[in-house]
Amino acid sequence: MTWRGLVAVLHPDVLLRAGALEVIGGRNVAGRASLFRGYAARAEIEFVLVGGEIGFVTRIGGEPFSIMAFTVRDGLIAAIHVIQDRQQLASVVP
């Protein structure tokens, strides 16, 4: 997916929350997402439900790297919640 393609599926006021980090706005969130392209090539992705919302677990070398949950409103991604903390991941991901 291109940067513009990603922005097109994000609500203009989308919120990305990853630990203490909060990023607001489609362009800002898309720009932040581009930082993880290097991981995407070697990651395994498993789609899951996270608290009733669509999400996915990303594994690198078989080990959990992150879990993301997406809140969708009016057909657009309105919020993205990311967990990368190893202790939190261990309590959520088998």
# chains A, B, ... in the order shown; residues from 1 in each chain; ligands from 1
>>> select_by_dssp(residues="chain A", states="strand (DSSP E)", output="PyMOL selection string")
chain A and resi 10-18+21-24+43-50+53-60+63-73+76-83
>>> closest_atom_pairs(of="region 16-47 of chain A", to="region 80-92 of chain A", cutoff="8 Å", atoms="only C-alpha atoms", output="JSON lines")
{"residue": "A:Leu16", "atom": "CA", "partner": "A:Ile80", "partner_atom": "CA", "distance": 4.7}
{"residue": "A:Arg17", "atom": "CA", "partner": "A:His81", "partner_atom": "CA", "distance": 4.9}
{"residue": "A:Ala18", "atom": "CA", "partner": "A:Val82", "partner_atom": "CA", "distance": 4.7}
{"residue": "A:Gly19", "atom": "CA", "partner": "A:Ile83", "partner_atom": "CA", "distance": 6.8}
>>> select_by_dssp(residues="chain A", states="alpha helix (DSSP H)", output="list in words")
Trp3, Arg4, Gly5, Leu6, Val7, Ala8, Val9, Gly26, Arg27, Asn28, Val29, Ala30, Gly31, Arg32, Ala33, Arg37, Gly38, Tyr39, Ala40, Arg86, Gln87, Gln88, Leu89, Ala90, Ser91 and Val92 of chain A
>>> closest_residue(among="A:Gly5, A:Ile77, A:Thr71, A:Ser66", to="Gly31 (chain A)", atoms="only C-alpha atoms")
A:Gly5
>>> atom_distance(atom1="CA of Ala8 (chain A)", atom2="CA of Gly26 (chain A)")
8.1 Å
>>> residues_around(residues="region 34-51 of chain A", least_positions_apart="5", cutoff="7 Å", atoms="only C-alpha atoms", output="ChimeraX atom specification")
/A:56-60,69
>>> atom_distance(atom1="CA of Gly52 (chain A)", atom2="CA of Leu15 (chain A)")
18.1 Å
>>> residues_around(residues="Asp74 (chain A)", least_positions_apart="3", cutoff="12 Å", atoms="only C-alpha atoms", output="PyMOL selection string")
chain A and resi 9-12+71+77-78
>>> residues_around(residues="Phe70 (chain A)", least_positions_apart="3", cutoff="6 Å", atoms="only C-alpha atoms", output="JSON, numbers by chain")
{"A": [54, 55, 79, 80]}
>>> write_last_selection(atoms="all heavy atoms", output="PDB file, in the first residue's frame")
ATOM      1  N   ILE A  54     -10.926  -5.582  15.190  1.00  0.00           N
ATOM      2  CA  ILE A  54     -10.004  -6.258  14.279  1.00  0.00           C
ATOM      3  C   ILE A  54      -8.581  -5.820  14.598  1.00  0.00           C
ATOM      4  O   ILE A  54      -8.345  -4.674  14.952  1.00  0.00           O
ATOM      5  CB  ILE A  54     -10.349  -5.974  12.792  1.00  0.00           C
ATOM      6  CG1 ILE A  54      -9.508  -6.831  11.858  1.00  0.00           C
ATOM      7  CG2 ILE A  54     -10.175  -4.508  12.444  1.00  0.00           C
ATOM      8  CD1 ILE A  54      -9.937  -8.242  11.783  1.00  0.00           C
ATOM      9  N   GLY A  55      -7.682  -6.749  14.506  1.00  0.00           N
ATOM     10  CA  GLY A  55      -6.295  -6.411  14.776  1.00  0.00           C
ATOM     11  C   GLY A  55      -5.379  -7.474  14.231  1.00  0.00           C
ATOM     12  O   GLY A  55      -5.818  -8.383  13.529  1.00  0.00           O
ATOM     13  N   ALA A  79      -8.887   4.832  14.953  1.00  0.00           N
ATOM     14  CA  ALA A  79      -7.881   4.699  16.003  1.00  0.00           C
ATOM     15  C   ALA A  79      -7.070   3.431  15.780  1.00  0.00           C
ATOM     16  O   ALA A  79      -7.600   2.424  15.303  1.00  0.00           O
ATOM     17  CB  ALA A  79      -8.533   4.663  17.385  1.00  0.00           C
ATOM     18  N   ILE A  80      -5.805   3.514  16.140  1.00  0.00           N
ATOM     19  CA  ILE A  80      -4.901   2.375  16.090  1.00  0.00           C
ATOM     20  C   ILE A  80      -4.194   2.314  17.442  1.00  0.00           C
ATOM     21  O   ILE A  80      -3.583   3.296  17.865  1.00  0.00           O
ATOM     22  CB  ILE A  80      -3.845   2.523  14.973  1.00  0.00           C
ATOM     23  CG1 ILE A  80      -4.513   2.760  13.624  1.00  0.00           C
ATOM     24  CG2 ILE A  80      -2.929   1.296  14.942  1.00  0.00           C
ATOM     25  CD1 ILE A  80      -3.540   3.172  12.525  1.00  0.00           C
TER      26      ILE A  80
END
